[in-house]
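Engineer: Pasting upload-v8.txt below, which is compact mmCIF, C-alpha atoms.
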```txt
# COMPACT_ATOMS: atom_id res chain seq x y z
CA MET A 1 -14.78 185.38 -107.10
CA ASN A 2 -15.01 186.17 -110.84
CA THR A 3 -14.71 183.65 -113.69
CA TYR A 4 -11.05 184.53 -114.28
CA ASN A 5 -10.12 183.72 -110.67
CA LEU A 6 -12.17 180.51 -110.72
CA ILE A 7 -10.19 179.28 -113.71
CA ILE A 8 -6.68 180.49 -112.98
CA PHE A 9 -6.44 180.41 -109.18
CA PRO A 10 -6.49 176.59 -108.83
CA PHE A 11 -3.69 176.28 -111.41
CA ILE A 12 -1.56 178.94 -109.72
CA PHE A 13 -2.14 177.42 -106.28
CA LEU A 14 -1.20 173.95 -107.56
CA PHE A 15 1.98 175.25 -109.17
CA LEU A 16 3.12 177.32 -106.19
CA ASN A 17 2.00 175.02 -103.41
CA THR A 18 2.69 171.44 -104.51
CA SER A 19 4.04 169.23 -101.74
CA PRO A 20 6.44 166.30 -101.99
CA LYS A 21 5.28 162.94 -100.66
CA PHE A 22 7.89 161.48 -98.33
CA SER A 23 8.56 161.03 -94.64
CA ALA A 24 11.24 162.46 -92.39
CA THR A 25 14.37 160.32 -92.30
CA GLU A 26 16.27 162.16 -89.60
CA THR A 27 15.02 163.65 -86.35
CA SER A 28 18.19 165.48 -85.32
CA ILE A 29 20.55 167.80 -87.17
CA ILE A 30 24.04 166.30 -86.97
CA ASP A 31 27.07 167.87 -88.63
CA LYS A 32 29.57 165.64 -90.40
CA GLU A 33 33.26 166.35 -90.12
CA ASP A 34 34.82 167.93 -93.24
CA PHE A 35 31.39 168.65 -94.70
CA TYR A 36 29.17 171.71 -94.67
CA LYS A 37 25.45 171.38 -94.22
CA ILE A 38 22.97 173.43 -96.22
CA TYR A 39 19.20 173.25 -95.96
CA PHE A 40 16.27 173.57 -98.33
CA ILE A 41 12.93 174.72 -96.98
CA LYS A 42 9.37 175.08 -98.17
CA GLN A 43 7.10 177.62 -96.46
CA ASN A 44 3.84 177.96 -98.39
CA TRP A 45 5.06 179.18 -101.81
CA HIS A 46 8.44 180.32 -100.45
CA THR A 47 11.22 177.90 -101.41
CA ALA A 48 14.73 178.71 -100.27
CA ILE A 49 18.24 177.59 -99.45
CA VAL A 50 19.44 178.18 -95.88
CA PHE A 51 23.04 178.54 -94.75
CA ASN A 52 24.75 178.64 -91.40
CA VAL A 53 26.23 182.16 -91.45
CA SER A 54 29.34 180.83 -89.67
CA ASP A 55 30.04 178.68 -92.76
CA LEU A 56 30.09 181.67 -95.09
CA ASP A 57 33.11 183.77 -95.99
CA SER A 58 32.96 187.52 -96.52
CA THR A 59 35.32 187.14 -99.50
CA LYS A 60 33.09 184.49 -101.13
CA PHE A 61 29.59 185.76 -100.35
CA ARG A 62 28.61 189.16 -101.74
CA GLU A 63 26.28 190.47 -99.01
CA TYR A 64 27.90 188.73 -96.05
CA ASN A 65 28.46 191.97 -94.10
CA TYR A 66 24.72 192.68 -93.96
CA PHE A 67 24.03 189.34 -92.30
CA ASP A 68 27.12 188.43 -90.27
CA ASP A 69 25.31 189.08 -86.96
CA TYR A 70 22.73 186.36 -87.67
CA ASN A 71 22.84 182.60 -87.12
CA LEU A 72 21.18 181.65 -90.40
CA ILE A 73 20.56 183.20 -93.78
CA ASP A 74 17.57 182.23 -95.93
CA ILE A 75 17.94 182.95 -99.66
CA GLY A 76 15.34 182.71 -102.40
CA TRP A 77 14.89 184.01 -105.94
CA GLY A 78 11.58 185.02 -107.46
CA ASP A 79 9.40 187.46 -109.35
CA LYS A 80 10.14 191.04 -108.30
CA GLU A 81 6.54 192.12 -107.66
CA PHE A 82 4.98 188.91 -106.36
CA TYR A 83 7.86 188.09 -104.01
CA GLN A 84 7.79 191.52 -102.36
CA PHE A 85 4.00 191.58 -102.02
CA GLN A 86 2.78 190.80 -98.51
CA GLY A 87 0.14 188.12 -98.83
CA PHE A 88 -1.10 186.53 -102.04
CA ASP A 89 -2.24 188.30 -105.20
CA SER A 90 -3.52 186.03 -107.99
CA GLY A 91 -2.99 188.75 -110.60
CA LEU A 92 0.68 189.13 -109.70
CA ALA A 93 1.06 185.35 -109.55
CA PHE A 94 -0.47 184.99 -113.04
CA LYS A 95 1.81 187.72 -114.41
CA ALA A 96 4.86 186.10 -112.79
CA LEU A 97 4.16 182.69 -114.29
CA PHE A 98 2.96 183.58 -117.78
CA TYR A 99 5.08 186.64 -118.65
CA ASP A 100 8.81 187.33 -118.57
CA THR A 101 9.08 189.50 -115.47
CA PRO A 102 12.00 191.10 -113.58
CA SER A 103 13.38 189.02 -110.73
CA THR A 104 14.62 189.61 -107.20
CA LEU A 105 16.82 187.89 -104.66
CA ARG A 106 15.35 187.70 -101.16
CA LEU A 107 17.84 187.42 -98.29
CA GLU A 108 16.65 187.00 -94.71
CA GLY A 109 18.83 186.97 -91.61
CA LEU A 110 17.65 184.82 -88.71
CA ASN A 111 18.74 184.66 -85.09
CA LEU A 112 16.65 181.57 -84.41
CA THR A 113 18.18 178.15 -83.92
CA LYS A 114 17.85 175.76 -86.83
CA GLU A 115 15.27 173.76 -84.90
CA GLU A 116 13.20 176.88 -84.19
CA TYR A 117 13.27 178.06 -87.79
CA PHE A 118 12.57 174.68 -89.30
CA ASP A 119 9.57 174.33 -87.02
CA LEU A 120 8.04 177.15 -89.10
CA SER A 121 8.58 175.23 -92.35
CA GLU A 122 6.49 172.52 -93.96
CA VAL A 123 9.42 170.68 -95.53
CA VAL A 124 13.12 170.74 -94.63
CA ILE A 125 15.91 168.77 -96.28
CA ALA A 126 19.57 168.86 -95.22
CA LEU A 127 22.37 168.28 -97.68
CA ASP A 128 26.05 167.67 -96.88
CA ILE A 129 28.41 169.39 -99.31
CA THR A 130 32.15 169.92 -99.63
CA LYS A 131 33.91 173.25 -99.20
CA GLU A 132 34.38 173.45 -102.97
CA GLN A 133 30.65 172.92 -103.52
CA LEU A 134 29.82 175.56 -100.92
CA ILE A 135 32.07 178.06 -102.69
CA SER A 136 30.49 177.15 -106.03
CA ILE A 137 26.93 177.66 -104.72
CA CYS A 138 27.91 181.00 -103.16
CA ASP A 139 29.46 182.05 -106.48
CA TYR A 140 26.24 181.07 -108.27
CA ILE A 141 24.22 183.24 -105.87
CA ASN A 142 26.71 186.11 -106.24
CA LYS A 143 26.28 185.99 -110.02
CA SER A 144 22.50 186.25 -109.61
CA PHE A 145 22.73 189.81 -108.25
CA LEU A 146 22.16 192.58 -110.78
CA LEU A 147 24.86 195.19 -110.14
CA ASN A 148 24.99 198.92 -110.77
CA ASP A 149 27.77 200.72 -112.64
CA ASN A 150 29.91 200.62 -109.49
CA LYS A 151 29.58 196.83 -109.26
CA GLU A 152 27.34 197.13 -106.19
CA SER A 153 24.17 195.20 -105.41
CA ILE A 154 20.94 197.16 -105.88
CA ILE A 155 18.51 197.08 -102.95
CA LEU A 156 14.83 197.13 -103.91
CA SER A 157 13.33 197.12 -100.42
CA LYS A 158 13.90 196.18 -96.80
CA LYS A 159 11.34 194.51 -94.57
CA ALA A 160 11.08 193.21 -90.99
CA ALA A 161 13.32 195.99 -89.63
CA GLY A 162 16.02 195.20 -92.18
CA LYS A 163 16.15 191.47 -91.52
CA ILE A 164 14.79 190.84 -95.01
CA ILE A 165 16.37 192.57 -97.99
CA PHE A 166 15.21 192.30 -101.60
CA TYR A 167 17.82 192.91 -104.30
CA LYS A 168 17.53 193.34 -108.05
CA ALA A 169 18.47 190.08 -109.73
CA LYS A 170 19.50 188.90 -113.17
CA GLU A 171 17.33 186.84 -115.52
CA SER A 172 13.60 186.97 -116.06
CA TYR A 173 11.17 185.00 -113.95
CA HIS A 174 8.47 182.90 -115.65
CA LEU A 175 6.83 179.49 -115.58
CA PHE A 176 9.89 177.72 -116.99
CA ASN A 177 12.46 179.71 -115.02
CA ASN A 178 11.25 179.91 -111.44
CA CYS A 179 12.56 179.58 -107.88
CA ASN A 180 12.81 175.79 -108.14
CA THR A 181 14.65 176.02 -111.44
CA TRP A 182 17.04 178.58 -109.95
CA LEU A 183 17.93 176.39 -106.98
CA ALA A 184 18.38 173.29 -109.14
CA LYS A 185 20.73 175.16 -111.50
CA GLY A 186 22.91 176.25 -108.59
CA LEU A 187 23.21 172.69 -107.29
CA LYS A 188 23.93 171.37 -110.77
CA GLU A 189 26.71 173.90 -111.31
CA SER A 190 28.36 172.80 -108.05
CA GLY A 191 28.54 169.22 -109.27
CA ILE A 192 25.61 167.85 -107.27
CA GLN A 193 23.66 165.22 -109.18
CA ILE A 194 20.13 166.50 -109.66
CA GLU A 195 17.62 166.13 -112.48
CA ASP A 196 17.40 168.74 -115.23
CA ASN A 197 14.22 170.61 -116.12
CA ILE A 198 12.86 170.97 -112.60
CA LEU A 199 9.81 173.24 -112.46
CA LEU A 200 7.68 172.22 -109.47
CA THR A 201 8.54 172.38 -105.78
CA GLU A 202 7.51 168.73 -105.58
CA GLN A 203 10.08 167.79 -108.23
CA LEU A 204 12.85 169.72 -106.50
CA PHE A 205 12.26 168.28 -103.04
CA ASN A 206 11.80 164.74 -104.32
CA GLU A 207 15.20 165.06 -105.98
CA LEU A 208 16.73 166.51 -102.81
CA ALA A 209 15.23 163.69 -100.73
CA GLU A 210 17.21 161.22 -102.85
CA ILE A 211 20.56 162.84 -102.07
CA GLY A 212 19.97 164.50 -98.68
CA LYS A 213 18.25 163.89 -95.36
CA VAL A 214 14.60 164.78 -94.85
CA ILE A 215 14.45 166.63 -91.55
CA LYS A 216 10.78 167.50 -91.77
CA ALA A 217 7.92 166.56 -94.07
CA LYS A 218 4.58 168.11 -93.17
CA TYR A 219 1.84 168.23 -95.77
```
Can the structure in the file be given as C-alpha cells, please?
Structural biologist:
Amino acid sequence: MNTYNLIIFPFIFLFLNTSPKFSATETSIIDKEDFYKIYFIKQNWHTAIVFNVSDLDSTKFREYNYFDDYNLIDIGWGDKEFYQFQGFDSGLAFKALFYDTPSTLRLEGLNLTKEEYFDLSEVVIALDITKEQLISICDYINKSFLLNDNKESIILSKKAAGKIIFYKAKESYHLFNNCNTWLAKGLKESGIQIEDNILLTEQLFNELAEIGKVIKAKY
C-alpha cells in the first residue's frame, strides 16, 4: 500500500463505515394501524431507505412500475462512479468525498421477507409515518431523479438481472452532501423532527433511534 493509501484510506473508511452505538429495542416488526412503516438500513457503506412496495402508489412514486412485482424496494443516493463500482475503490471514494461529483439513485427490488433482508444488514431502524409523510418522502425521491427532455428518468445501468437499477440524479455528491445528508433532508421535508447538518451514518442512525424503533444493531 503506497503512502497516499496509508493516509487517506483510514479517513475514508471511518467516514463511510461509522457505526451507531445502541441496542435493538424491538425484536419483531409490528405494523400500527393508520401508519405506514419505513425502514433505514446500513450495509457496509450502503445506507438506504426501504419501503414495502404494497404501500407505494404508482401515481406518487416515479419508477413504481419497474418494481411492483417485488415485496420491498431499497433506495439510496450516492456518487455516480463509486456507487456503481462493484467492491471498494479508494480512489473513487476520495474523489466522491473531496470533489463535486455527479450523483445517482440506486433502486433495488427485493422478493425477500423483511426479516430475511434485514438479516443481511448491520443496522435496521423502523419508523412509523403518516400517509401524508409517505407521500412527501416519495415526492422528495421523485424530485431527485434527473430527467431527460421528455421528462423521463435516465437509466445509467442495471445489475443483478435488472433487480438493481441506477438512475441519473440531481445535485452533486461530496463530503457535505452525501447519502446521509440526502436521507435526512427527505425526512426533514416531510415534517419529521431530525437534526440538521447530518454527515455521518452514525449521526443519522442515532437520530433515527430517537424517533423510531431499532430492529437490529450489529457492530
Engineer: Contacts of Ile49 in chain A at 7 Å or less, counting only C-alpha atoms, minus same-chain residues fewer than 5 places along, as a ChimeraX atom specification?
Structural biologist: /A:39-41,74-76
Engineer: Within 10 Å of (14.2, 193.8, -100.5) in the file's own coordinates, which protein, DNA or RNA residues have an atom, counting only C-alpha atoms? List them as a ChimeraX atom specification.
Structural biologist: /A:80,83-84,104-108,154-159,162-168
Engineer: Please measure the separation of CA of Gly87 in chain A and CA of Ala160 in chain A, giving the value in Å to one decimal.
Structural biologist: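 Straight-line distance from CA of Gly87 in chain A to CA of Ala160 in chain A works out to 14.4 Å.
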Engineer: Smallest atom-to-atom distance to Phe145 in chain A: which of A:Thr181, A:Glu63, A:Ile129, A:Leu199, using only C-alpha atoms?
Structural biologist: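 Nearest candidate to Phe145 in chain A out of A:Thr181, A:Glu63, A:Ile129, A:Leu199: A:Glu63.
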Engineer: Would you please work out which residue, of A:Glu122, A:Glu152, A:Glu171, A:Asp128, is nearest to Phe205 in chain A when using all atoms listed in the file?
Structural biologist: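 Closest residue, counting all atoms listed in the file: A:Glu122.
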Engineer: Quick one: pull the distance between CA of Phe176 in chain A and CA of Phe61 in chain A, Å, one decimal.
Structural biologist: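 Between CA of Phe176 in chain A and CA of Phe61 in chain A the gap works out to 27.0 Å.
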Engineer: Between A:Leu112, A:Leu200, A:Ala161, A:Leu120, which is the closest to Asn177 in chain A once you count all atoms listed in the file?
Structural biologist: A:Leu200
Engineer: One decimal, in Å: what's the spacing between CA of Ile141 in chain A and CA of Asp89 in chain A?
Structural biologist: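 Straight-line distance from CA of Ile141 in chain A to CA of Asp89 in chain A works out to 26.9 Å.
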Engineer: Leaving out Ile135 in chain A and any residue of its chain fewer than 4 positions from it, which residues lie within 12 Å of it when counting only C-alpha atoms, given as a short mmCIF file (atom, residue, chain, number, x, y, z; two decimals) with C-alpha atoms, in the frame of the given file?
Structural biologist:
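So the final result, stored in part-v7.cif, reads:
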```cif
data_model
loop_
_atom_site.label_atom_id
_atom_site.label_comp_id
_atom_site.auth_asym_id
_atom_site.auth_seq_id
_atom_site.Cartn_x
_atom_site.Cartn_y
_atom_site.Cartn_z
CA TYR A 36 29.17 171.71 -94.67
CA ASP A 55 30.04 178.68 -92.76
CA LEU A 56 30.09 181.67 -95.09
CA ASP A 57 33.11 183.77 -95.99
CA SER A 58 32.96 187.52 -96.52
CA THR A 59 35.32 187.14 -99.50
CA LYS A 60 33.09 184.49 -101.13
CA PHE A 61 29.59 185.76 -100.35
CA ARG A 62 28.61 189.16 -101.74
CA ILE A 129 28.41 169.39 -99.31
CA THR A 130 32.15 169.92 -99.63
CA LYS A 131 33.91 173.25 -99.20
CA ASP A 139 29.46 182.05 -106.48
CA TYR A 140 26.24 181.07 -108.27
CA ILE A 141 24.22 183.24 -105.87
CA ASN A 142 26.71 186.11 -106.24
CA GLY A 186 22.91 176.25 -108.59
CA LEU A 187 23.21 172.69 -107.29
CA GLU A 189 26.71 173.90 -111.31
CA SER A 190 28.36 172.80 -108.05
CA GLY A 191 28.54 169.22 -109.27
#
```
Engineer: With only C-alpha atoms as the basis for distance, which of A:Ala217, A:Asp79, A:Glu210, A:Ala96 is at the shortest distance from Ile192 in chain A?
Structural biologist: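 Among the listed residues, the smallest separation from Ile192 in chain A belongs to A:Glu210.
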Engineer: Return the single residue from A:Ser153, A:Asn206, A:Ser90, A:Asn71 that is closest to Glu116 in chain A, with distances computed using only C-alpha atoms.
Structural biologist: A:Asn71
Engineer: Within 6 Å of Ser121 in chain A, counting only C-alpha atoms, which residues show up once you throw out same-chain ones fewer than 2 positions away? Write them as an NGL selection string, please.
Structural biologist: :A and (42-43 or 118-119 or 123)
Engineer: Could you check which of A:Lys185, A:Lys213, A:Thr47, A:His174 is closest to Ser136 in chain A, using all atoms listed in the file?
Structural biologist: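 Checking each candidate against Ser136 in chain A, we get A:Lys185 as the closest.
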Engineer: Using all atoms of range 131-140 of chain A that appear in the file, construct an axis-aligned enclosing box with 8 Å of padding on every side and provide its centre coordinates and edge lengths in Å, rounded to one decimal, as AutoDock Vina command-line options.
Structural biologist:
```
--center_x 30.3 --center_y 177.5 --center_z -103.7 --size_x 24.1 --size_y 25.1 --size_z 25.1
```
